Amino acid sequence: MNEREKRPQQVFTLLVEVGRSKDDGLPDGATGAALMVYASGVDEPEAVRETVAILKQADMAPLDVSGYGTLDERLAEGHDIADEERALMQRALDENAVIVAQVTPFFED
């Protein structure tokens, strides 16, 4: 059988920094924001590509993405992960989706 074995989807925790763009939905006066995202993918690079593409479609301006790994990787590092966060991760997996869990706007001092 020549069909490639399908790799399972995983959910990755990403922190995305965005700048400002027209119609981005950020509050007036904000200079950008940090977005905590749960994104599904067969690997972290795929999850990052999907996340950046979806944010651009939403008129956001992604500047930087930091990866924090899968649930298992985060647990191995000693992260305390709340049930609400686990539920969002499961939703991202079930829906093969990118879930923005938190938006923290940046303002100049």
# chains A, B, ... in the order shown; residues from 1 in each chain; ligands from 1
$ residues_around --residues "A:Gln57" --least-positions-apart "4" --cutoff "12 Å" --atoms "only C-alpha atoms" --output "NGL selection string"
:A and (21 or 23-24 or 50-53 or 61-62)
$ write_last_selection --atoms "N, CA, C and O atoms" --output "CSV table (one decimal), in the first residue's frame"
chain,number,residue,atom,x,y,z
A,21,SER,N,-3.5,46.9,12.6
A,21,SER,CA,-3.9,47.0,11.3
A,21,SER,C,-5.4,47.4,11.2
A,21,SER,O,-6.1,47.3,12.2
A,23,ASP,N,-9.2,47.6,11.0
A,23,ASP,CA,-10.2,46.6,11.3
A,23,ASP,C,-9.8,45.4,12.0
A,23,ASP,O,-10.3,44.3,11.9
A,24,ASP,N,-8.7,45.6,12.9
A,24,ASP,CA,-8.2,44.4,13.7
A,24,ASP,C,-9.0,44.1,14.9
A,24,ASP,O,-8.9,43.1,15.6
A,50,GLU,N,-1.0,27.7,10.1
A,50,GLU,CA,-2.5,27.9,10.1
A,50,GLU,C,-2.9,29.1,10.9
A,50,GLU,O,-3.8,29.8,10.5
A,51,THR,N,-2.3,29.2,12.1
A,51,THR,CA,-2.6,30.3,13.0
A,51,THR,C,-2.4,31.7,12.3
A,51,THR,O,-3.2,32.6,12.3
A,52,VAL,N,-1.2,31.8,11.7
A,52,VAL,CA,-0.8,33.1,11.0
A,52,VAL,C,-1.8,33.4,9.9
A,52,VAL,O,-2.3,34.5,9.7
A,53,ALA,N,-2.1,32.3,9.1
A,53,ALA,CA,-3.1,32.5,8.0
A,53,ALA,C,-4.4,33.0,8.5
A,53,ALA,O,-5.0,33.9,7.9
A,61,ALA,N,-2.4,41.6,12.3
A,61,ALA,CA,-1.0,41.7,11.8
A,61,ALA,C,-0.1,40.9,12.7
A,61,ALA,O,0.6,41.5,13.5
A,62,PRO,N,0.0,39.6,12.5
A,62,PRO,CA,1.0,38.8,13.3
A,62,PRO,C,2.4,39.2,13.1
A,62,PRO,O,2.9,39.4,12.0
$ residues_around --residues "stretch 30-32 of chain A" --least-positions-apart "3" --cutoff "6 Å" --atoms "only C-alpha atoms" --output "CSV table (one decimal) with all heavy atoms, in the first residue's frame"
chain,number,residue,atom,x,y,z
A,18,VAL,N,0.8,40.5,17.9
A,18,VAL,CA,0.2,41.2,16.7
A,18,VAL,C,0.4,42.7,16.8
A,18,VAL,O,0.4,43.2,17.9
A,18,VAL,CB,-1.3,40.9,16.5
A,18,VAL,CG1,-1.5,39.4,16.2
A,18,VAL,CG2,-2.1,41.3,17.6
A,19,GLY,N,0.6,43.3,15.7
A,19,GLY,CA,0.7,44.8,15.6
A,19,GLY,C,-0.7,45.3,15.2
A,19,GLY,O,-1.7,44.5,15.3
A,20,ARG,N,-0.8,46.5,14.9
A,20,ARG,CA,-2.0,47.1,14.5
A,20,ARG,C,-2.3,47.0,13.0
A,20,ARG,O,-1.3,47.1,12.2
A,20,ARG,CB,-2.1,48.6,14.9
A,20,ARG,CG,-2.2,48.9,16.4
A,20,ARG,CD,-3.3,48.1,17.2
A,20,ARG,NE,-4.6,48.3,16.6
A,20,ARG,CZ,-5.6,49.0,17.2
A,20,ARG,NH1,-5.3,49.7,18.2
A,20,ARG,NH2,-6.8,49.0,16.6
A,27,PRO,N,-8.7,47.5,20.9
A,27,PRO,CA,-9.2,48.7,21.5
A,27,PRO,C,-8.4,50.0,20.9
A,27,PRO,O,-7.3,49.9,20.6
A,27,PRO,CB,-8.9,48.6,23.0
A,27,PRO,CG,-8.5,47.2,23.2
A,27,PRO,CD,-8.1,46.6,21.9
A,105,PRO,N,-4.3,43.4,25.1
A,105,PRO,CA,-3.8,44.5,24.3
A,105,PRO,C,-2.6,45.2,25.0
A,105,PRO,O,-2.5,45.1,26.2
A,105,PRO,CB,-5.0,45.5,24.3
A,105,PRO,CG,-6.2,44.7,24.8
A,105,PRO,CD,-5.6,43.6,25.6
A,106,PHE,N,-1.8,45.7,24.1
A,106,PHE,CA,-0.6,46.5,24.6
A,106,PHE,C,-0.9,48.0,24.4
A,106,PHE,O,-1.5,48.4,23.4
A,106,PHE,CB,0.6,46.2,23.8
A,106,PHE,CG,1.1,44.8,23.8
A,106,PHE,CD1,1.6,44.2,22.7
A,106,PHE,CD2,1.1,44.1,25.0
A,106,PHE,CE1,2.0,42.9,22.7
A,106,PHE,CE2,1.6,42.7,25.0
A,106,PHE,CZ,2.0,42.2,23.8
A,107,PHE,N,-0.5,48.8,25.4
A,107,PHE,CA,-0.6,50.2,25.4
A,107,PHE,C,0.7,50.9,25.7
A,107,PHE,O,1.5,50.3,26.5
A,107,PHE,CB,-1.7,50.7,26.4
A,107,PHE,CG,-3.1,50.2,26.1
A,107,PHE,CD1,-3.5,49.1,26.7
A,107,PHE,CD2,-3.9,50.9,25.2
A,107,PHE,CE1,-4.8,48.6,26.4
A,107,PHE,CE2,-5.2,50.4,24.9
A,107,PHE,CZ,-5.6,49.3,25.5
$ atom_distance --atom1 "atom CA of A:Ala82" --atom2 "atom CA of A:Glu95"
20.1 Å
$ residues_around --residues "A:Leu14" --least-positions-apart "5" --cutoff "8 Å" --atoms "only C-alpha atoms" --output "PyMOL selection string"
chain A and resi 36-39+48+65-69
$ residues_around --residues "stretch 91-94 of chain A" --least-positions-apart "2" --cutoff "9 Å" --atoms "only C-alpha atoms" --output "ChimeraX atom specification"
/A:9-11,38-41,86-89,96-99
$ select_by_dssp --residues "stretch 25-108 of chain A" --states "alpha helix (DSSP H)" --output "ChimeraX atom specification"
/A:44-57,71-76,83-95
$ write_last_selection --atoms "N, CA and C atoms" --output "mmCIF file, in the first residue's frame"
data_model
loop_
_atom_site.group_PDB
_atom_site.id
_atom_site.type_symbol
_atom_site.label_atom_id
_atom_site.label_comp_id
_atom_site.auth_asym_id
_atom_site.auth_seq_id
_atom_site.Cartn_x
_atom_site.Cartn_y
_atom_site.Cartn_z
ATOM 1 N N GLU A 44 4.209 21.394 15.099
ATOM 2 C CA GLU A 44 4.119 22.800 15.486
ATOM 3 C C GLU A 44 4.248 23.767 14.308
ATOM 4 N N PRO A 45 5.149 23.531 13.345
ATOM 5 C CA PRO A 45 5.208 24.456 12.203
ATOM 6 C C PRO A 45 3.874 24.565 11.450
ATOM 7 N N GLU A 46 3.158 23.442 11.289
ATOM 8 C CA GLU A 46 1.854 23.511 10.628
ATOM 9 C C GLU A 46 0.864 24.324 11.456
ATOM 10 N N ALA A 47 0.866 24.125 12.774
ATOM 11 C CA ALA A 47 -0.034 24.876 13.648
ATOM 12 C C ALA A 47 0.260 26.376 13.565
ATOM 13 N N VAL A 48 1.537 26.738 13.497
ATOM 14 C CA VAL A 48 1.928 28.153 13.375
ATOM 15 C C VAL A 48 1.456 28.709 12.032
ATOM 16 N N ARG A 49 1.683 27.989 10.941
ATOM 17 C CA ARG A 49 1.253 28.462 9.614
ATOM 18 C C ARG A 49 -0.256 28.688 9.572
ATOM 19 N N GLU A 50 -1.023 27.738 10.091
ATOM 20 C CA GLU A 50 -2.485 27.858 10.099
ATOM 21 C C GLU A 50 -2.925 29.054 10.933
ATOM 22 N N THR A 51 -2.289 29.228 12.088
ATOM 23 C CA THR A 51 -2.643 30.341 12.978
ATOM 24 C C THR A 51 -2.374 31.678 12.304
ATOM 25 N N VAL A 52 -1.200 31.836 11.716
ATOM 26 C CA VAL A 52 -0.847 33.091 11.049
ATOM 27 C C VAL A 52 -1.819 33.369 9.897
ATOM 28 N N ALA A 53 -2.141 32.348 9.117
ATOM 29 C CA ALA A 53 -3.064 32.527 7.987
ATOM 30 C C ALA A 53 -4.445 32.975 8.469
ATOM 31 N N ILE A 54 -4.949 32.362 9.519
ATOM 32 C CA ILE A 54 -6.279 32.714 10.032
ATOM 33 C C ILE A 54 -6.279 34.119 10.626
ATOM 34 N N LEU A 55 -5.222 34.484 11.340
ATOM 35 C CA LEU A 55 -5.164 35.838 11.919
ATOM 36 C C LEU A 55 -5.105 36.889 10.811
ATOM 37 N N LYS A 56 -4.372 36.610 9.746
ATOM 38 C CA LYS A 56 -4.324 37.553 8.623
ATOM 39 C C LYS A 56 -5.702 37.692 7.973
ATOM 40 N N GLN A 57 -6.442 36.583 7.857
ATOM 41 C CA GLN A 57 -7.801 36.640 7.308
ATOM 42 C C GLN A 57 -8.714 37.487 8.197
ATOM 43 N N LEU A 71 -0.023 19.646 25.066
ATOM 44 C CA LEU A 71 -0.460 19.463 26.452
ATOM 45 C C LEU A 71 0.530 18.580 27.203
ATOM 46 N N ASP A 72 0.895 17.439 26.605
ATOM 47 C CA ASP A 72 1.824 16.523 27.279
ATOM 48 C C ASP A 72 3.178 17.173 27.532
ATOM 49 N N GLU A 73 3.666 17.936 26.556
ATOM 50 C CA GLU A 73 4.955 18.621 26.732
ATOM 51 C C GLU A 73 4.872 19.662 27.841
ATOM 52 N N ARG A 74 3.767 20.371 27.889
ATOM 53 C CA ARG A 74 3.604 21.394 28.934
ATOM 54 C C ARG A 74 3.484 20.763 30.314
ATOM 55 N N LEU A 75 2.763 19.654 30.407
ATOM 56 C CA LEU A 75 2.642 18.952 31.689
ATOM 57 C C LEU A 75 4.007 18.436 32.142
ATOM 58 N N ALA A 76 4.804 17.929 31.204
ATOM 59 C CA ALA A 76 6.140 17.427 31.525
ATOM 60 C C ALA A 76 7.047 18.541 32.053
ATOM 61 N N ASP A 83 -8.810 23.251 33.942
ATOM 62 C CA ASP A 83 -9.809 22.497 33.172
ATOM 63 C C ASP A 83 -10.338 23.300 31.991
ATOM 64 N N GLU A 84 -10.517 24.617 32.172
ATOM 65 C CA GLU A 84 -11.029 25.462 31.082
ATOM 66 C C GLU A 84 -10.051 25.470 29.912
ATOM 67 N N GLU A 85 -8.764 25.520 30.242
ATOM 68 C CA GLU A 85 -7.725 25.523 29.208
ATOM 69 C C GLU A 85 -7.695 24.162 28.487
ATOM 70 N N ARG A 86 -7.823 23.087 29.248
ATOM 71 C CA ARG A 86 -7.862 21.746 28.656
ATOM 72 C C ARG A 86 -9.071 21.602 27.728
ATOM 73 N N ALA A 87 -10.209 22.183 28.135
ATOM 74 C CA ALA A 87 -11.426 22.099 27.316
ATOM 75 C C ALA A 87 -11.231 22.834 25.992
ATOM 76 N N LEU A 88 -10.565 23.997 26.022
ATOM 77 C CA LEU A 88 -10.295 24.735 24.785
ATOM 78 C C LEU A 88 -9.335 23.961 23.887
ATOM 79 N N MET A 89 -8.363 23.313 24.487
ATOM 80 C CA MET A 89 -7.431 22.488 23.707
ATOM 81 C C MET A 89 -8.183 21.337 23.032
ATOM 82 N N GLN A 90 -9.079 20.704 23.774
ATOM 83 C CA GLN A 90 -9.847 19.594 23.209
ATOM 84 C C GLN A 90 -10.738 20.089 22.078
ATOM 85 N N ARG A 91 -11.320 21.279 22.258
ATOM 86 C CA ARG A 91 -12.162 21.851 21.202
ATOM 87 C C ARG A 91 -11.336 22.102 19.935
ATOM 88 N N ALA A 92 -10.125 22.631 20.099
ATOM 89 C CA ALA A 92 -9.255 22.874 18.947
ATOM 90 C C ALA A 92 -8.970 21.564 18.224
ATOM 91 N N LEU A 93 -8.757 20.493 18.982
ATOM 92 C CA LEU A 93 -8.495 19.186 18.380
ATOM 93 C C LEU A 93 -9.748 18.645 17.688
ATOM 94 N N ASP A 94 -10.875 18.686 18.389
ATOM 95 C CA ASP A 94 -12.123 18.143 17.842
ATOM 96 C C ASP A 94 -12.543 18.848 16.562
ATOM 97 N N GLU A 95 -12.337 20.168 16.531
ATOM 98 C CA GLU A 95 -12.792 20.981 15.390
ATOM 99 C C GLU A 95 -11.686 21.249 14.375
#
$ atom_distance --atom1 "atom CA of A:Asp43" --atom2 "atom CA of A:Thr70"
9.5 Å
$ select_by_dssp --residues "stretch 21-109 of chain A" --states "strand (DSSP E or B)" --output "NGL selection string"
:A and (30-41 or 61-70 or 98-107)
$ write_last_selection --atoms "C-alpha atoms" --output "JSON list (two decimals), in the first residue's frame"
[["chain", "number", "residue", "atom", "x", "y", "z"],
["A", 30, "ALA", "CA", -3.65, 49.87, 21.73],
["A", 31, "THR", "CA", -0.30, 49.44, 19.96],
["A", 32, "GLY", "CA", -0.81, 45.70, 19.46],
["A", 33, "ALA", "CA", -1.66, 42.64, 21.51],
["A", 34, "ALA", "CA", -0.60, 39.23, 22.71],
["A", 35, "LEU", "CA", -2.91, 36.34, 21.80],
["A", 36, "MET", "CA", -2.87, 32.99, 23.61],
["A", 37, "VAL", "CA", -3.88, 30.46, 20.98],
["A", 38, "TYR", "CA", -4.55, 26.73, 20.86],
["A", 39, "ALA", "CA", -4.00, 25.44, 17.33],
["A", 40, "SER", "CA", -4.25, 21.97, 15.87],
["A", 41, "GLY", "CA", -1.69, 20.55, 13.46],
["A", 61, "ALA", "CA", -1.02, 41.67, 11.79],
["A", 62, "PRO", "CA", 0.97, 38.77, 13.30],
["A", 63, "LEU", "CA", 4.53, 39.80, 14.14],
["A", 64, "ASP", "CA", 5.94, 36.94, 16.19],
["A", 65, "VAL", "CA", 4.87, 33.46, 17.31],
["A", 66, "SER", "CA", 6.29, 31.58, 20.30],
["A", 67, "GLY", "CA", 5.47, 27.90, 20.71],
["A", 68, "TYR", "CA", 4.90, 26.31, 24.11],
["A", 69, "GLY", "CA", 4.31, 22.74, 22.91],
["A", 70, "THR", "CA", 1.54, 20.20, 23.30],
["A", 98, "VAL", "CA", -7.40, 27.65, 15.88],
["A", 99, "ILE", "CA", -8.89, 28.89, 19.15],
["A", 100, "VAL", "CA", -7.93, 32.33, 20.49],
["A", 101, "ALA", "CA", -8.22, 31.85, 24.24],
["A", 102, "GLN", "CA", -7.04, 35.26, 25.45],
["A", 103, "VAL", "CA", -6.24, 38.68, 24.00],
["A", 104, "THR", "CA", -4.06, 41.09, 25.98],
["A", 105, "PRO", "CA", -3.83, 44.52, 24.31],
["A", 106, "PHE", "CA", -0.59, 46.52, 24.59],
["A", 107, "PHE", "CA", -0.64, 50.24, 25.37]]
$ closest_residue --among "A:Ile81, A:Glu108, A:Val42, A:Ala58" --to "A:Lys6" --atoms "only C-alpha atoms"
A:Val42
